[in-house]
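> Input: one structure, supplied below.
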Amino acid sequence: MDPRVTEHPPPPPRRRLNLAWIGILPFAAFVALFLIAPTMKIVIGAFQRADGSFTLENIFGLFTPTILSSYWVSIKISLASSALGSLIGFLMAAAMVLGGLPRFIRSPLLTFSGVASNFAGVPLAFAFLATLGPLGLVTMWLRTEFGINLRAMGFNILSFWGLTITYIFFQIPLMILIITPALDGLKREWREAAQSLGASATQYWTQVALPILAPNILGTFALLFANAFGAVATAIALTGSSLNIVPIMLFAQIRGDVLGNPHLGYAMAFGMILVTALANVLYIVLRMRSERWLK
Amino acid sequence: MKRAAAWSILLVGMLYFILPLVGMVEFSLSMKRGVYSFEAYRVVFADPQFRQTFSYSVLMAVLTILFGVLLVVPTAFWVRLKLPGLRPYVEFVTLLPLVIPAIVVVFGYIRLYNTSSWLPMTGSVTGTNLLLLFGYSMLSLPYMYRAIDTGLRTIDVATLTEAAQSLGAGWFTILAKIIMPNVLVAVLSGAFVTFAIVMGEFTLAALLDRPAFGPYLQLMGANKAYEPFALSTIAFIITWACMGLIQLVTRLTKHDKAAR
């Protein structure tokens with residue numbers, strides 16, 4: 001489960017003057033050495049030449065057709081998988097919370113979401129290869145039972161849609177985990193008030209419930225976007241190096257400097273930080289907005 | 001009508017989740033032509049490389065958990081007790097590993113701690129192992145910190161500490177004998193998540209070139225037909241077991257508290 005799920009707005013900090021800060025020195029040293037410093041090394045490196053002088057050349061160097069297209073494909077996959085993941089996750093959570101289903105459904109579904117959102121990486125890629133790959137379970141079944149040849153229809157698991165379908169396996173559960181508390185927070189009184197004013201079910205949803213949920217849904221969408229954008233292992237295990245997306249290119253660059261310029265690699269990684277950081281900031285901002293109505 | 005729609009949405013959704021798992025298990029059992037068998041598992045278990053990488057990852061997971069607990073429990077305790085004003089900032093920092101992609105951080109490790117740097121960790125096997133250990137701890141930090149901090153919220157840290165101090169306990173005794181037993185469930189759930197993360201991790205281990213389970217799995221996938229599916233099934237069972245254990249310990253303590 002994602003620790004970002006229940007974020008609280010920080011209480012106002014208090015000032016203290018004592019030596020208690022010594023107690024968190026080990027933690028501060030760890031974070032500085034193994035999280036902040038490595039990241040700063042990349043960020044600063046993105047603006048440096050090999051001799052250490054300042055430059056914007058590396059950033060401009062990103063604007064080549066190969067690198068731009070890798071960013072573009074990555075963004076498209078992240079958008080598609082987070083849109084589908086949000087939509088399906090929302091529908092499933094709404095069905096569970098508001099669909100009048102027995103309560104015993106809830107706990108197993110949330111537990112399963114916890115597992116599935118953590119089941120990413122290499123094994124997930126193989127699960128989908130075994131299902132939608134050329135010899136996969138569903139591929140073969142469709143061919144023998146219905147004569148539908150997915151491959152002839154242009155579907156390939158090692159492609160944009162293949163990767164998108166695989167990614168939503170960890171996107172949907174994350175959406176379910178985050179949106180369920182929000183759906184629980186929809187007060188019965190709001191629906192009753194709308195009904196007593198003569199609103200139809202559609203009007204209630206489009207004019208009351210969805211506007212209240214909107215910051216939450218959009219925020220989660222941003223979070224899912226960052227989630228997909230940074231996914232490395234699934235992409236590599238599934239497609240090897242056949243698909244040109246940012247994490248795969250960066251992986252190849254770190255391994256063997258395929259771009260022929262180490263500082264261009266820094267710039268690429270910097271671009272990745274920028275995209276995921278923006279998506280996360282959007283999540284936090286929208287999350288704080290949504291807490292006005294939903295506690 | 002509404003209930004039927006809800007059921008069908010859930011069933012179609014669950015089908016999407018179940019089919020890949022069925023496909024994976026089915027493939028892992030099909031190594032012998034025409035019959036289901038555990039042949040792929042037998043081959044996998046007989047592979048010395050499997051045993052080596054698997055036990056390497058288990059060892060790394062245990063060490064990561066130990067290091068994480070030693071780092072996070074005192075920090076979270078101290079921040080709650082003495083530096084409550086810093087809490088939001090510490091919490092923010094612990095969430096950063098979810099914001100900065102792991103591949104970027106490990107790229108930084110390789111550049112910052114290479115053989116010609118001030119701290120040449122990648123120069124030796126022990127150093128690289130240590131770097132990987134720290135990397136794993138960094139990855140699990142958000143989960144570990146949140147679990148333990150939530151655990152600390154349920155107890156009155158200040159009163160317990162004062163009571164222990166008035167009886168003459170030192171900081172080590174307070175942490176080991178008062179705080180730890182009280183947040184044990186939280187520590188365990190953090191530990192299980194960490195275990196699941198480390199066992200399946202690929203990027204860090206691959207780029208630091210360490211013989212862990214994740215890169216082995218990827219390598220097998222590129223070269224073998226059925227074994228990768230058996231390995232993936234094993235990985236899935238590990239994830240399930242870890243999440244199941246979290247549920248179990250959480251539930252057990254709830255009963256425990258209700259009984260009192």
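Residues are referred to by chain and number: the chain letter is A, B, ... according to the order shown in the structure tokens, the number counts from 1 in that chain, and ligands are numbered separately from 1 in the order shown.
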Which residues of chain A are close to chain B, meaning at most 7 Å apart when you count only C-alpha atoms, and how do they look as a PyMOL selection string?

chain A and resi 3+10+13-14+20+23-24+27+34-35+38-39+41-42+92+95+99-101+115+119+121-123+126-128+130-131+136-137+169+230+232-233+237+254-255+269+273+276-277+280

> Generate a file of the selected residues that holds N, CA and C atoms, formatted as a compact mmCIF listing (two decimals), in the first residue's frame.


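Below is the file result_32.txt, written as the result:
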```
# COMPACT_ATOMS: atom_id res chain seq x y z
N PRO A 3 2.26 4.70 0.96
CA PRO A 3 2.25 5.57 2.14
C PRO A 3 1.76 6.98 1.85
N PRO A 10 0.76 19.48 7.11
CA PRO A 10 1.66 19.60 8.25
C PRO A 10 1.15 20.62 9.26
N PRO A 13 5.10 24.44 12.33
CA PRO A 13 6.31 24.06 13.06
C PRO A 13 6.56 24.99 14.25
N ARG A 14 7.15 24.40 15.32
CA ARG A 14 7.50 25.20 16.48
C ARG A 14 9.01 25.35 16.57
N ALA A 20 18.66 18.65 21.04
CA ALA A 20 17.94 17.41 20.72
C ALA A 20 18.15 16.98 19.27
N GLY A 23 20.03 13.84 18.02
CA GLY A 23 19.42 12.51 17.96
C GLY A 23 19.02 12.06 16.58
N ILE A 24 18.79 13.00 15.66
CA ILE A 24 18.41 12.55 14.32
C ILE A 24 19.58 12.64 13.34
N PHE A 27 20.02 9.52 11.04
CA PHE A 27 19.01 9.52 9.99
C PHE A 27 19.33 10.57 8.93
N PHE A 34 22.56 8.90 0.88
CA PHE A 34 22.03 7.88 -0.03
C PHE A 34 20.72 8.25 -0.69
N LEU A 35 20.29 9.50 -0.51
CA LEU A 35 19.09 9.93 -1.23
C LEU A 35 19.32 11.32 -1.84
N PRO A 38 23.04 11.75 -4.03
CA PRO A 38 23.03 11.14 -5.36
C PRO A 38 22.10 11.87 -6.32
N THR A 39 20.92 12.29 -5.80
CA THR A 39 19.99 13.00 -6.67
C THR A 39 20.56 14.34 -7.11
N LYS A 41 23.66 15.10 -7.34
CA LYS A 41 24.75 14.83 -8.30
C LYS A 41 24.20 14.78 -9.73
N ILE A 42 23.05 14.13 -9.88
CA ILE A 42 22.44 14.01 -11.20
C ILE A 42 21.93 15.37 -11.67
N MET A 92 -14.67 0.09 -9.95
CA MET A 92 -14.67 -1.07 -9.05
C MET A 92 -14.90 -0.63 -7.61
N ALA A 95 -18.51 0.38 -7.22
CA ALA A 95 -19.35 -0.82 -7.16
C ALA A 95 -19.29 -1.44 -5.77
N GLY A 99 -22.54 -0.03 -4.38
CA GLY A 99 -23.35 -0.91 -5.23
C GLY A 99 -24.31 -1.79 -4.48
N GLY A 100 -24.37 -1.66 -3.16
CA GLY A 100 -25.28 -2.50 -2.39
C GLY A 100 -24.81 -3.95 -2.32
N LEU A 101 -23.50 -4.16 -2.41
CA LEU A 101 -22.99 -5.53 -2.35
C LEU A 101 -22.76 -5.93 -0.89
N VAL A 115 -1.95 -6.35 -2.33
CA VAL A 115 -0.99 -7.28 -2.92
C VAL A 115 -0.69 -6.89 -4.36
N PHE A 119 2.64 -6.03 -6.60
CA PHE A 119 3.13 -7.08 -7.48
C PHE A 119 3.48 -6.46 -8.83
N GLY A 121 6.97 -5.11 -11.42
CA GLY A 121 8.31 -5.56 -11.73
C GLY A 121 8.36 -6.76 -12.66
N VAL A 122 9.45 -7.51 -12.56
CA VAL A 122 9.71 -8.58 -13.51
C VAL A 122 8.61 -9.65 -13.51
N PRO A 123 8.18 -10.16 -12.33
CA PRO A 123 7.17 -11.23 -12.36
C PRO A 123 5.88 -10.81 -13.05
N PHE A 126 6.07 -11.34 -16.72
CA PHE A 126 5.93 -12.73 -17.15
C PHE A 126 4.48 -13.19 -17.07
N ALA A 127 3.76 -12.71 -16.04
CA ALA A 127 2.35 -13.09 -15.92
C ALA A 127 1.59 -12.67 -17.18
N PHE A 128 1.89 -11.47 -17.68
CA PHE A 128 1.17 -11.01 -18.87
C PHE A 128 1.69 -11.67 -20.14
N ALA A 130 2.53 -14.71 -20.25
CA ALA A 130 1.89 -16.02 -20.24
C ALA A 130 0.42 -15.92 -20.61
N THR A 131 -0.13 -14.70 -20.60
CA THR A 131 -1.55 -14.55 -20.84
C THR A 131 -1.84 -13.96 -22.22
N GLY A 136 0.24 -17.12 -25.26
CA GLY A 136 -0.40 -16.95 -23.96
C GLY A 136 -1.77 -17.60 -23.88
N LEU A 137 -2.21 -17.74 -22.64
CA LEU A 137 -3.48 -18.40 -22.33
C LEU A 137 -4.64 -17.79 -23.12
N PHE A 169 -2.37 -3.28 -14.23
CA PHE A 169 -2.47 -4.29 -13.17
C PHE A 169 -2.06 -3.70 -11.82
N GLY A 230 7.89 6.06 -13.83
CA GLY A 230 9.13 5.60 -13.23
C GLY A 230 9.30 4.09 -13.26
N VAL A 232 10.48 0.72 -14.22
CA VAL A 232 11.61 0.28 -15.04
C VAL A 232 11.54 -1.20 -15.31
N ALA A 233 11.43 -1.99 -14.21
CA ALA A 233 11.63 -3.43 -14.30
C ALA A 233 10.59 -4.10 -15.20
N ALA A 237 11.67 -6.22 -18.51
CA ALA A 237 11.40 -7.66 -18.59
C ALA A 237 10.44 -7.97 -19.72
N ILE A 254 22.98 4.08 -18.47
CA ILE A 254 23.77 3.86 -17.26
C ILE A 254 24.70 2.66 -17.46
N ARG A 255 24.18 1.62 -18.09
CA ARG A 255 24.98 0.41 -18.31
C ARG A 255 26.12 0.66 -19.28
N ALA A 269 18.00 11.82 -16.89
CA ALA A 269 17.51 11.48 -15.55
C ALA A 269 16.86 12.69 -14.90
N ILE A 273 13.13 13.12 -13.22
CA ILE A 273 12.80 13.67 -11.89
C ILE A 273 11.75 14.76 -12.04
N THR A 276 8.21 13.29 -12.73
CA THR A 276 7.58 12.64 -11.58
C THR A 276 7.35 13.64 -10.45
N ALA A 277 8.26 14.60 -10.27
CA ALA A 277 8.08 15.59 -9.20
C ALA A 277 6.84 16.44 -9.47
N ASN A 280 3.76 14.53 -8.70
CA ASN A 280 3.55 14.37 -7.26
C ASN A 280 3.09 15.66 -6.60
```

> Using DSSP on the backbone coordinates, identify the residues of range 48-219 of chain B assigned to helix (DSSP H, G or I); present them as a PyMOL selection string.

chain B and resi 48-81+84-99+102-112+121-123+125-153+157-166+171-182+184-200+203-207+213-219

> Please compute the CA of Val249 in chain B-CA of Ser189 in chain B distance, one decimal, in Å.

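According to the coordinates, CA of Val249 in chain B and CA of Ser189 in chain B are separated by 7.6 Å.
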
> From the options B:Val198, B:Ala164, B:Ile18, B:Met31, which residue's atoms come nearest to Ala176 in chain B, counting only C-alpha atoms?

B:Ala164

> Find the residue from A:Phe251, A:Tyr266, A:Tyr167, A:Trp190 that sits nearest to Leu224 in chain A; use only C-alpha atoms when measuring.

A:Tyr167

> For a test of reading the model, state the distance in Å between CA of Ile176 in chain A and CA of Phe90 in chain A, rounded to one decimal.

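Those two atoms sit 6.4 Å apart.
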
> Quick one: residues within 6 Å of Ser117 in chain A, only C-alpha atoms, excluding same-chain residues fewer than 2 positions away - as a list of chain:residue names?

A:Ser113, A:Gly114, A:Val115, A:Phe119, A:Phe170, A:Pro173, A:Leu174

> Could you turn the residues from that selection into a file that holds C-alpha atoms, as a short mmCIF file (atom, residue, chain, number, x, y, z; two decimals), in the first residue's frame?


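Below you can see again.cif, which holds the result:
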```cif
data_model
loop_
_atom_site.label_atom_id
_atom_site.label_comp_id
_atom_site.auth_asym_id
_atom_site.auth_seq_id
_atom_site.Cartn_x
_atom_site.Cartn_y
_atom_site.Cartn_z
CA SER A 113 -5.47 -4.51 -4.00
CA GLY A 114 -2.67 -4.22 -1.46
CA VAL A 115 -0.99 -7.28 -2.92
CA PHE A 119 3.13 -7.08 -7.48
CA PHE A 170 -0.77 -2.17 -10.50
CA PRO A 173 -5.46 -1.46 -7.20
CA LEU A 174 -3.70 1.77 -6.22
#
```

> For CA of Thr161 in chain B and CA of Pro26 in chain A, determine how far apart the two atoms are, in Å to one decimal place.

20.9 Å
